[in-house]
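The structure appears below as structure tokens.
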Amino acid sequence: MKLYDWLEEQPFTLSMSSGFFSFFAHTGMLAALVDHGLKPGKLTGSSAGALVGGCYASGCSIDELKAQLFALQRDDFWDPGFGLGLLKGDLFRAQIRNICKVSNVEECPIPFRASAFNLGLWDTEVIDQGCLTQAIAASCAFPFLFQPVPLNGARYLDGGIKDRPGLQGTQPGERIFYHHIGSRSPWRRRNSPALQIPQAENMQAITISDLPRVGPNKLQNGVAAYEYAYAQTGELLQQTITAA
């Protein structure tokens with residue numbers, strides 16, 4: 001069976017991992033799925049995965065998301081300020097608010113779940129209600145870069161801290177397609193479990209190697225990352241898999 005056949009066979013949840021500025025790659029992957037007629041019935045994610053998943057789940061089209069990302073400049077989100085992180089995050093939230101089509105998570109036309117690290121509980125929390133902009137921003141609040149994000153009476157940092165795959169928003173029995181971003185983060189050991197592709201029943205996963213590196217000062221590589229992920233996903237959809 002090909003991966004395409006497995007995805008086309010029944011509804012599936014798309015889960016996307018964290019990965020520094022990997023929203024270009026996630027969007028390229030999702031665009032390839034949509035162009036092949038494979039639309040997820042639910043989306044979950046951490047950090048960059050939550051950004052792409054939340055925007056798409058809200059009703060934002062791939063073309064709209066692509067245009068927003070391709071036009072992104074450092075000054076569009078770079079707002080240093082005093083606090084527990086370099087950036088206040090106000091400009092970043094304005095970018096999210098501008099593209100999302102609904103106000104609250106529970107209003108998304110496609111169910112969406114974001115993983116974020118609750119500082120009060122000191123653990124991951126799956127956000128399934130409340131302000132969508134804040135939920136996405138909370139999941140994306142990379143430590144020391146962004147200041148903690150308030151939502152529903154708590155304060156949050158990046159979902160990738162303890163749920164890098166963004167899979168805690170899934171339920172047993174769901175058919176899951178997982179997009180894994182390989183990390184070269186200096187914050188994690190080379191053999192850290194967080195960097196490995198998780199194994200789960202009824203789940204298929206892909207990872208795309210050698211993606212162009214994107215960051216605050218390398219946004220010009222975003223288009224290449226999108227296009228590479230798009231092309232590679234198209235090829236991977238034709239690979240033979242072992243279905244559980």
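So you can find residues: chains in the structure tokens are A, B, ... in the order shown, residues in each start at 1, and ligands are numbered from 1 in order.
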Could you pull the residues within 9 Å of A:Leu65, counting only C-alpha atoms, minus those fewer than 3 positions along the same chain, as a ChimeraX atom specification? /A:27,52,55-56,60-62,68-70,99
If you keep N, CA, C and O atoms, can you produce a file of those selected residues as an mmCIF file, in the first residue's frame?
```
data_model
loop_
_atom_site.group_PDB
_atom_site.id
_atom_site.type_symbol
_atom_site.label_atom_id
_atom_site.label_comp_id
_atom_site.auth_asym_id
_atom_site.auth_seq_id
_atom_site.Cartn_x
_atom_site.Cartn_y
_atom_site.Cartn_z
ATOM 1 N N THR A 27 3.953 24.151 5.976
ATOM 2 C CA THR A 27 2.988 24.659 4.997
ATOM 3 C C THR A 27 3.198 24.007 3.639
ATOM 4 O O THR A 27 2.231 23.662 2.942
ATOM 5 N N VAL A 52 0.821 26.532 11.866
ATOM 6 C CA VAL A 52 0.264 26.130 10.572
ATOM 7 C C VAL A 52 -1.075 25.430 10.757
ATOM 8 O O VAL A 52 -2.050 25.715 10.052
ATOM 9 N N CYS A 55 -3.908 28.011 11.875
ATOM 10 C CA CYS A 55 -4.336 28.908 10.797
ATOM 11 C C CYS A 55 -5.189 28.162 9.778
ATOM 12 O O CYS A 55 -6.250 28.644 9.363
ATOM 13 N N TYR A 56 -4.740 26.977 9.384
ATOM 14 C CA TYR A 56 -5.500 26.204 8.394
ATOM 15 C C TYR A 56 -6.830 25.738 8.973
ATOM 16 O O TYR A 56 -7.865 25.817 8.293
ATOM 17 N N CYS A 60 -8.330 29.408 6.992
ATOM 18 C CA CYS A 60 -7.359 30.075 6.132
ATOM 19 C C CYS A 60 -6.939 29.118 5.020
ATOM 20 O O CYS A 60 -6.608 27.960 5.285
ATOM 21 N N SER A 61 -6.949 29.579 3.786
ATOM 22 C CA SER A 61 -6.555 28.718 2.668
ATOM 23 C C SER A 61 -5.035 28.604 2.606
ATOM 24 O O SER A 61 -4.304 29.422 3.166
ATOM 25 N N ILE A 62 -4.580 27.584 1.902
ATOM 26 C CA ILE A 62 -3.144 27.412 1.700
ATOM 27 C C ILE A 62 -2.562 28.628 0.979
ATOM 28 O O ILE A 62 -1.483 29.118 1.331
ATOM 29 N N GLN A 68 1.124 35.026 3.175
ATOM 30 C CA GLN A 68 1.514 35.677 4.423
ATOM 31 C C GLN A 68 2.953 35.318 4.798
ATOM 32 O O GLN A 68 3.748 36.188 5.180
ATOM 33 N N LEU A 69 3.285 34.044 4.672
ATOM 34 C CA LEU A 69 4.631 33.606 5.039
ATOM 35 C C LEU A 69 5.681 34.142 4.078
ATOM 36 O O LEU A 69 6.752 34.591 4.499
ATOM 37 N N PHE A 70 5.386 34.108 2.787
ATOM 38 C CA PHE A 70 6.369 34.554 1.806
ATOM 39 C C PHE A 70 6.658 36.048 1.923
ATOM 40 O O PHE A 70 7.740 36.509 1.538
ATOM 41 N N ILE A 99 -4.502 36.579 9.986
ATOM 42 C CA ILE A 99 -4.732 35.497 9.030
ATOM 43 C C ILE A 99 -5.775 34.484 9.483
ATOM 44 O O ILE A 99 -6.427 33.849 8.655
#
```
Got a sec: who's within 10 Å of A:Ser209, counting only C-alpha atoms, leaving out chain neighbours fewer than 2 positions off, as a PyMOL selection string? chain A and resi 180-183+206-207+211-212+228-229+232
Write to file, as a CSV table (one decimal), in the first residue's frame, the residues of the selection just made, with C-alpha atoms.
```
chain,number,residue,atom,x,y,z
A,180,HIS,CA,8.4,15.3,11.9
A,181,ILE,CA,10.9,18.2,11.7
A,182,GLY,CA,14.4,16.9,12.2
A,183,SER,CA,16.1,19.2,14.8
A,206,ILE,CA,7.3,11.3,7.4
A,207,THR,CA,10.4,13.4,7.9
A,211,LEU,CA,15.5,21.3,4.6
A,212,PRO,CA,17.0,24.8,4.0
A,228,TYR,CA,11.4,21.6,-1.0
A,229,ALA,CA,8.9,20.2,1.5
A,232,GLN,CA,9.4,15.9,-1.2
```
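When only C-alpha atoms are used to measure the gap to A:Ala231, the shortest distance among A:Leu43, A:Ala32, A:Leu7, A:Ala48 belongs to A:Ala32.
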Might you pull out every residue within 8 Å of A:Ile136, with only C-alpha atoms counted and same-chain residues fewer than 6 positions away left off, and present them as an NGL selection string? :A and (47 or 50-51 or 54 or 96 or 114)
Name the residues of stretch 15-149 of chain A that fall into strand (DSSP E) according to DSSP on the backbone, using the chain letters and numbers of this document, as a PyMOL selection string. chain A and resi 15-16+42-46+112-118+123-127+149
What would the file look like if the residues just selected were written as a PDB file, in the first residue's frame with N, CA, C and O atoms?
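Dumped to out17.pdb:
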```
ATOM      1  N   SER A  15      -0.804  15.727  12.527  1.00  0.00           N
ATOM      2  CA  SER A  15      -0.059  16.269  13.656  1.00  0.00           C
ATOM      3  C   SER A  15       1.294  16.743  13.166  1.00  0.00           C
ATOM      4  O   SER A  15       1.974  16.045  12.395  1.00  0.00           O
ATOM      5  N   MET A  16       1.695  17.940  13.616  1.00  0.00           N
ATOM      6  CA  MET A  16       2.945  18.541  13.143  1.00  0.00           C
ATOM      7  C   MET A  16       3.817  18.955  14.326  1.00  0.00           C
ATOM      8  O   MET A  16       3.341  19.565  15.289  1.00  0.00           O
ATOM      9  N   LYS A  42      -8.712  16.695  11.319  1.00  0.00           N
ATOM     10  CA  LYS A  42      -8.358  17.306  12.606  1.00  0.00           C
ATOM     11  C   LYS A  42      -6.884  17.667  12.522  1.00  0.00           C
ATOM     12  O   LYS A  42      -6.124  17.030  11.782  1.00  0.00           O
ATOM     13  N   LEU A  43      -6.480  18.705  13.270  1.00  0.00           N
ATOM     14  CA  LEU A  43      -5.077  19.108  13.284  1.00  0.00           C
ATOM     15  C   LEU A  43      -4.602  19.292  14.715  1.00  0.00           C
ATOM     16  O   LEU A  43      -5.320  19.866  15.545  1.00  0.00           O
ATOM     17  N   THR A  44      -3.392  18.809  14.985  1.00  0.00           N
ATOM     18  CA  THR A  44      -2.754  19.048  16.282  1.00  0.00           C
ATOM     19  C   THR A  44      -1.305  19.458  16.018  1.00  0.00           C
ATOM     20  O   THR A  44      -0.750  19.169  14.961  1.00  0.00           O
ATOM     21  N   GLY A  45      -0.700  20.114  17.005  1.00  0.00           N
ATOM     22  CA  GLY A  45       0.690  20.486  16.805  1.00  0.00           C
ATOM     23  C   GLY A  45       1.283  21.237  17.967  1.00  0.00           C
ATOM     24  O   GLY A  45       0.576  21.679  18.880  1.00  0.00           O
ATOM     25  N   SER A  46       2.587  21.350  17.909  1.00  0.00           N
ATOM     26  CA  SER A  46       3.352  22.159  18.849  1.00  0.00           C
ATOM     27  C   SER A  46       4.126  23.220  18.081  1.00  0.00           C
ATOM     28  O   SER A  46       4.663  22.941  16.996  1.00  0.00           O
ATOM     29  N   PHE A 112      -9.103  21.566  16.153  1.00  0.00           N
ATOM     30  CA  PHE A 112      -7.693  21.904  16.326  1.00  0.00           C
ATOM     31  C   PHE A 112      -7.316  21.823  17.793  1.00  0.00           C
ATOM     32  O   PHE A 112      -8.076  22.245  18.668  1.00  0.00           O
ATOM     33  N   ARG A 113      -6.136  21.276  18.061  1.00  0.00           N
ATOM     34  CA  ARG A 113      -5.605  21.182  19.408  1.00  0.00           C
ATOM     35  C   ARG A 113      -4.147  21.633  19.394  1.00  0.00           C
ATOM     36  O   ARG A 113      -3.349  21.156  18.594  1.00  0.00           O
ATOM     37  N   ALA A 114      -3.804  22.547  20.294  1.00  0.00           N
ATOM     38  CA  ALA A 114      -2.435  23.054  20.393  1.00  0.00           C
ATOM     39  C   ALA A 114      -1.814  22.610  21.707  1.00  0.00           C
ATOM     40  O   ALA A 114      -2.429  22.730  22.772  1.00  0.00           O
ATOM     41  N   SER A 115      -0.596  22.114  21.641  1.00  0.00           N
ATOM     42  CA  SER A 115       0.151  21.788  22.855  1.00  0.00           C
ATOM     43  C   SER A 115       0.964  23.003  23.287  1.00  0.00           C
ATOM     44  O   SER A 115       1.624  23.642  22.459  1.00  0.00           O
ATOM     45  N   ALA A 116       0.905  23.322  24.572  1.00  0.00           N
ATOM     46  CA  ALA A 116       1.693  24.435  25.119  1.00  0.00           C
ATOM     47  C   ALA A 116       2.150  24.043  26.522  1.00  0.00           C
ATOM     48  O   ALA A 116       1.532  23.190  27.175  1.00  0.00           O
ATOM     49  N   PHE A 117       3.227  24.655  26.971  1.00  0.00           N
ATOM     50  CA  PHE A 117       3.789  24.327  28.276  1.00  0.00           C
ATOM     51  C   PHE A 117       3.241  25.294  29.318  1.00  0.00           C
ATOM     52  O   PHE A 117       3.548  26.487  29.301  1.00  0.00           O
ATOM     53  N   ASN A 118       2.409  24.774  30.233  1.00  0.00           N
ATOM     54  CA  ASN A 118       1.790  25.566  31.287  1.00  0.00           C
ATOM     55  C   ASN A 118       2.802  25.779  32.413  1.00  0.00           C
ATOM     56  O   ASN A 118       3.229  24.824  33.068  1.00  0.00           O
ATOM     57  N   ASP A 123       3.992  21.603  33.076  1.00  0.00           N
ATOM     58  CA  ASP A 123       3.723  20.439  32.241  1.00  0.00           C
ATOM     59  C   ASP A 123       2.990  20.889  30.974  1.00  0.00           C
ATOM     60  O   ASP A 123       2.489  22.023  30.895  1.00  0.00           O
ATOM     61  N   THR A 124       2.904  19.994  30.013  1.00  0.00           N
ATOM     62  CA  THR A 124       2.178  20.285  28.777  1.00  0.00           C
ATOM     63  C   THR A 124       0.686  20.319  29.029  1.00  0.00           C
ATOM     64  O   THR A 124       0.150  19.512  29.792  1.00  0.00           O
ATOM     65  N   GLU A 125       0.016  21.249  28.387  1.00  0.00           N
ATOM     66  CA  GLU A 125      -1.441  21.308  28.400  1.00  0.00           C
ATOM     67  C   GLU A 125      -1.928  21.389  26.959  1.00  0.00           C
ATOM     68  O   GLU A 125      -1.332  22.080  26.131  1.00  0.00           O
ATOM     69  N   VAL A 126      -2.972  20.654  26.668  1.00  0.00           N
ATOM     70  CA  VAL A 126      -3.573  20.709  25.339  1.00  0.00           C
ATOM     71  C   VAL A 126      -4.669  21.767  25.366  1.00  0.00           C
ATOM     72  O   VAL A 126      -5.629  21.671  26.141  1.00  0.00           O
ATOM     73  N   ILE A 127      -4.530  22.786  24.533  1.00  0.00           N
ATOM     74  CA  ILE A 127      -5.479  23.896  24.499  1.00  0.00           C
ATOM     75  C   ILE A 127      -6.535  23.607  23.437  1.00  0.00           C
ATOM     76  O   ILE A 127      -6.221  23.457  22.254  1.00  0.00           O
ATOM     77  N   VAL A 149       3.044  33.666  27.350  1.00  0.00           N
ATOM     78  CA  VAL A 149       1.770  34.135  26.812  1.00  0.00           C
ATOM     79  C   VAL A 149       0.636  33.802  27.768  1.00  0.00           C
ATOM     80  O   VAL A 149       0.469  32.643  28.164  1.00  0.00           O
TER      81      VAL A 149
END
```
A:Val102, A:Leu145, A:Val214, A:Ile110 ranked by distance to A:Gly130, top pick (using only C-alpha atoms):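 Nearest candidate to A:Gly130 out of A:Val102, A:Leu145, A:Val214, A:Ile110: A:Val102.
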Coordinates-based distance that separates atom CA of A:Thr233 from atom CA of A:Trp6 (Å, one decimal):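 Atom CA of A:Thr233 lies at a distance of 14.4 Å from atom CA of A:Trp6.
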Which residue gives the smallest distance to A:Gly222 among A:Gln73, A:Leu3, A:Gly59, A:Pro165, with only C-alpha atoms counted?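 Comparing A:Gln73, A:Leu3, A:Gly59, A:Pro165 against A:Gly222, the winner is A:Gln73.
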Identify which of the residues A:Gln204, A:Gln10, A:Gln171, A:Ser139 lies closest to A:Ile241, counting only C-alpha atoms when measuring atom-to-atom distances. A:Gln204
Using only C-alpha atoms: which of A:Leu87, A:Ala154, A:Met203, A:Ile176 has the shortest distance to A:Leu121: A:Ala154
I need the residues in stretch 109-224 of chain A that are alpha helix (DSSP H) according to DSSP; give them as a ChimeraX atom specification. /A:132-139,222-224
Mind writing the picked residues with N, CA, C and O atoms as a PDB file, in the first residue's frame?
```pdb
ATOM      1  N   LEU A 132      -8.005  31.865  19.880  1.00  0.00           N
ATOM      2  CA  LEU A 132      -7.154  31.117  18.957  1.00  0.00           C
ATOM      3  C   LEU A 132      -5.794  31.781  18.788  1.00  0.00           C
ATOM      4  O   LEU A 132      -4.757  31.099  18.774  1.00  0.00           O
ATOM      5  N   THR A 133      -5.777  33.092  18.665  1.00  0.00           N
ATOM      6  CA  THR A 133      -4.506  33.802  18.517  1.00  0.00           C
ATOM      7  C   THR A 133      -3.584  33.518  19.691  1.00  0.00           C
ATOM      8  O   THR A 133      -2.395  33.220  19.520  1.00  0.00           O
ATOM      9  N   GLN A 134      -4.124  33.607  20.911  1.00  0.00           N
ATOM     10  CA  GLN A 134      -3.309  33.365  22.105  1.00  0.00           C
ATOM     11  C   GLN A 134      -2.873  31.912  22.198  1.00  0.00           C
ATOM     12  O   GLN A 134      -1.758  31.620  22.647  1.00  0.00           O
ATOM     13  N   ALA A 135      -3.752  30.996  21.779  1.00  0.00           N
ATOM     14  CA  ALA A 135      -3.410  29.569  21.828  1.00  0.00           C
ATOM     15  C   ALA A 135      -2.220  29.265  20.924  1.00  0.00           C
ATOM     16  O   ALA A 135      -1.276  28.560  21.313  1.00  0.00           O
ATOM     17  N   ILE A 136      -2.253  29.791  19.703  1.00  0.00           N
ATOM     18  CA  ILE A 136      -1.152  29.570  18.770  1.00  0.00           C
ATOM     19  C   ILE A 136       0.114  30.247  19.282  1.00  0.00           C
ATOM     20  O   ILE A 136       1.201  29.659  19.273  1.00  0.00           O
ATOM     21  N   ALA A 137      -0.016  31.490  19.740  1.00  0.00           N
ATOM     22  CA  ALA A 137       1.148  32.222  20.249  1.00  0.00           C
ATOM     23  C   ALA A 137       1.754  31.520  21.459  1.00  0.00           C
ATOM     24  O   ALA A 137       2.980  31.474  21.610  1.00  0.00           O
ATOM     25  N   ALA A 138       0.902  30.973  22.330  1.00  0.00           N
ATOM     26  CA  ALA A 138       1.396  30.250  23.505  1.00  0.00           C
ATOM     27  C   ALA A 138       2.219  29.044  23.083  1.00  0.00           C
ATOM     28  O   ALA A 138       3.308  28.785  23.608  1.00  0.00           O
ATOM     29  N   SER A 139       1.711  28.294  22.122  1.00  0.00           N
ATOM     30  CA  SER A 139       2.422  27.108  21.661  1.00  0.00           C
ATOM     31  C   SER A 139       3.739  27.461  20.983  1.00  0.00           C
ATOM     32  O   SER A 139       4.671  26.658  20.970  1.00  0.00           O
ATOM     33  N   GLY A 222      12.923  30.814   3.418  1.00  0.00           N
ATOM     34  CA  GLY A 222      11.609  30.239   3.657  1.00  0.00           C
ATOM     35  C   GLY A 222      10.947  29.697   2.403  1.00  0.00           C
ATOM     36  O   GLY A 222      10.336  28.621   2.424  1.00  0.00           O
ATOM     37  N   VAL A 223      11.053  30.427   1.307  1.00  0.00           N
ATOM     38  CA  VAL A 223      10.435  29.981   0.054  1.00  0.00           C
ATOM     39  C   VAL A 223      11.042  28.652  -0.389  1.00  0.00           C
ATOM     40  O   VAL A 223      10.330  27.729  -0.798  1.00  0.00           O
ATOM     41  N   ALA A 224      12.371  28.539  -0.290  1.00  0.00           N
ATOM     42  CA  ALA A 224      13.042  27.298  -0.678  1.00  0.00           C
ATOM     43  C   ALA A 224      12.618  26.148   0.233  1.00  0.00           C
ATOM     44  O   ALA A 224      12.436  25.012  -0.238  1.00  0.00           O
TER      45      ALA A 224
END
```
Out of A:Gly160, A:Lys2, A:Lys66, A:Ser18, which residue has the shortest atom-to-atom distance to A:Glu227 when counting only C-alpha atoms?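 Counting only C-alpha atoms, the residue closest to A:Glu227 is A:Lys66.
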Would you kindly return, as a VMD selection string, each protein, DNA or RNA residue with an atom no farther than 8 Å from any atom of A:Phe92, considering only C-alpha atoms and excluding same-chain residues fewer than 3 positions away? chain A and resid 76 to 78 89 95 to 96 137
What's the 7 Å shell around A:Phe146, counting only C-alpha atoms, without same-chain residues fewer than 2 positions away, as a PDB file with all heavy atoms, in the first residue's frame?
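So the final result, stored in around28.pdb, reads:
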```
ATOM      1  N   GLY A  85      11.827  37.205  28.271  1.00  0.00           N
ATOM      2  CA  GLY A  85      11.995  36.842  26.876  1.00  0.00           C
ATOM      3  C   GLY A  85      12.345  38.091  26.093  1.00  0.00           C
ATOM      4  O   GLY A  85      11.957  39.201  26.471  1.00  0.00           O
ATOM      5  N   LEU A  86      13.065  37.927  25.003  1.00  0.00           N
ATOM      6  CA  LEU A  86      13.512  39.085  24.226  1.00  0.00           C
ATOM      7  C   LEU A  86      12.350  39.836  23.600  1.00  0.00           C
ATOM      8  O   LEU A  86      12.316  41.070  23.620  1.00  0.00           O
ATOM      9  CB  LEU A  86      14.484  38.608  23.135  1.00  0.00           C
ATOM     10  CG  LEU A  86      14.961  39.660  22.138  1.00  0.00           C
ATOM     11  CD1 LEU A  86      15.751  40.764  22.855  1.00  0.00           C
ATOM     12  CD2 LEU A  86      15.817  39.017  21.053  1.00  0.00           C
ATOM     13  N   LEU A  87      11.387  39.101  23.021  1.00  0.00           N
ATOM     14  CA  LEU A  87      10.306  39.734  22.276  1.00  0.00           C
ATOM     15  C   LEU A  87       9.004  39.738  23.072  1.00  0.00           C
ATOM     16  O   LEU A  87       8.632  38.727  23.690  1.00  0.00           O
ATOM     17  CB  LEU A  87      10.085  39.002  20.945  1.00  0.00           C
ATOM     18  CG  LEU A  87      11.296  38.868  20.023  1.00  0.00           C
ATOM     19  CD1 LEU A  87      10.911  38.128  18.752  1.00  0.00           C
ATOM     20  CD2 LEU A  87      11.886  40.237  19.694  1.00  0.00           C
ATOM     21  N   LYS A  88       8.291  40.856  23.013  1.00  0.00           N
ATOM     22  CA  LYS A  88       6.993  40.942  23.684  1.00  0.00           C
ATOM     23  C   LYS A  88       5.969  40.024  23.035  1.00  0.00           C
ATOM     24  O   LYS A  88       5.077  39.504  23.704  1.00  0.00           O
ATOM     25  CB  LYS A  88       6.486  42.387  23.654  1.00  0.00           C
ATOM     26  CG  LYS A  88       7.319  43.355  24.469  1.00  0.00           C
ATOM     27  CD  LYS A  88       6.744  44.762  24.427  1.00  0.00           C
ATOM     28  CE  LYS A  88       6.908  45.383  23.048  1.00  0.00           C
ATOM     29  NZ  LYS A  88       6.434  46.792  23.024  1.00  0.00           N
ATOM     30  N   GLY A  89       6.036  39.869  21.735  1.00  0.00           N
ATOM     31  CA  GLY A  89       5.116  38.989  21.025  1.00  0.00           C
ATOM     32  C   GLY A  89       3.874  39.676  20.507  1.00  0.00           C
ATOM     33  O   GLY A  89       3.034  39.032  19.865  1.00  0.00           O
ATOM     34  N   ALA A 141       5.724  30.112  21.826  1.00  0.00           N
ATOM     35  CA  ALA A 141       6.534  31.012  22.661  1.00  0.00           C
ATOM     36  C   ALA A 141       7.865  30.364  23.037  1.00  0.00           C
ATOM     37  O   ALA A 141       8.079  29.901  24.168  1.00  0.00           O
ATOM     38  CB  ALA A 141       5.749  31.416  23.909  1.00  0.00           C
ATOM     39  N   PHE A 142       8.760  30.350  22.078  1.00  0.00           N
ATOM     40  CA  PHE A 142      10.081  29.753  22.262  1.00  0.00           C
ATOM     41  C   PHE A 142      10.797  30.422  23.446  1.00  0.00           C
ATOM     42  O   PHE A 142      10.919  31.645  23.483  1.00  0.00           O
ATOM     43  CB  PHE A 142      10.896  29.925  20.986  1.00  0.00           C
ATOM     44  CG  PHE A 142      12.153  29.112  20.931  1.00  0.00           C
ATOM     45  CD1 PHE A 142      12.126  27.786  20.547  1.00  0.00           C
ATOM     46  CD2 PHE A 142      13.377  29.685  21.262  1.00  0.00           C
ATOM     47  CE1 PHE A 142      13.288  27.030  20.496  1.00  0.00           C
ATOM     48  CE2 PHE A 142      14.548  28.947  21.212  1.00  0.00           C
ATOM     49  CZ  PHE A 142      14.513  27.613  20.832  1.00  0.00           C
ATOM     50  N   PRO A 143      11.271  29.622  24.431  1.00  0.00           N
ATOM     51  CA  PRO A 143      11.884  30.200  25.630  1.00  0.00           C
ATOM     52  C   PRO A 143      13.037  31.155  25.308  1.00  0.00           C
ATOM     53  O   PRO A 143      13.865  30.880  24.432  1.00  0.00           O
ATOM     54  CB  PRO A 143      12.396  28.967  26.384  1.00  0.00           C
ATOM     55  CG  PRO A 143      11.530  27.847  25.910  1.00  0.00           C
ATOM     56  CD  PRO A 143      11.233  28.147  24.477  1.00  0.00           C
ATOM     57  N   PHE A 144      13.049  32.267  26.016  1.00  0.00           N
ATOM     58  CA  PHE A 144      14.061  33.317  25.918  1.00  0.00           C
ATOM     59  C   PHE A 144      13.909  34.178  24.657  1.00  0.00           C
ATOM     60  O   PHE A 144      14.426  35.282  24.618  1.00  0.00           O
ATOM     61  CB  PHE A 144      15.496  32.761  25.997  1.00  0.00           C
ATOM     62  CG  PHE A 144      15.742  31.908  27.196  1.00  0.00           C
ATOM     63  CD1 PHE A 144      16.024  30.561  27.060  1.00  0.00           C
ATOM     64  CD2 PHE A 144      15.681  32.449  28.470  1.00  0.00           C
ATOM     65  CE1 PHE A 144      16.244  29.770  28.163  1.00  0.00           C
ATOM     66  CE2 PHE A 144      15.899  31.666  29.593  1.00  0.00           C
ATOM     67  CZ  PHE A 144      16.178  30.319  29.437  1.00  0.00           C
ATOM     68  N   PRO A 148       6.409  34.752  28.029  1.00  0.00           N
ATOM     69  CA  PRO A 148       5.267  33.852  28.256  1.00  0.00           C
ATOM     70  C   PRO A 148       3.952  34.501  27.831  1.00  0.00           C
ATOM     71  O   PRO A 148       3.762  35.713  27.952  1.00  0.00           O
ATOM     72  CB  PRO A 148       5.315  33.607  29.761  1.00  0.00           C
ATOM     73  CG  PRO A 148       6.749  33.809  30.135  1.00  0.00           C
ATOM     74  CD  PRO A 148       7.226  34.925  29.243  1.00  0.00           C
TER      75      PRO A 148
END
```
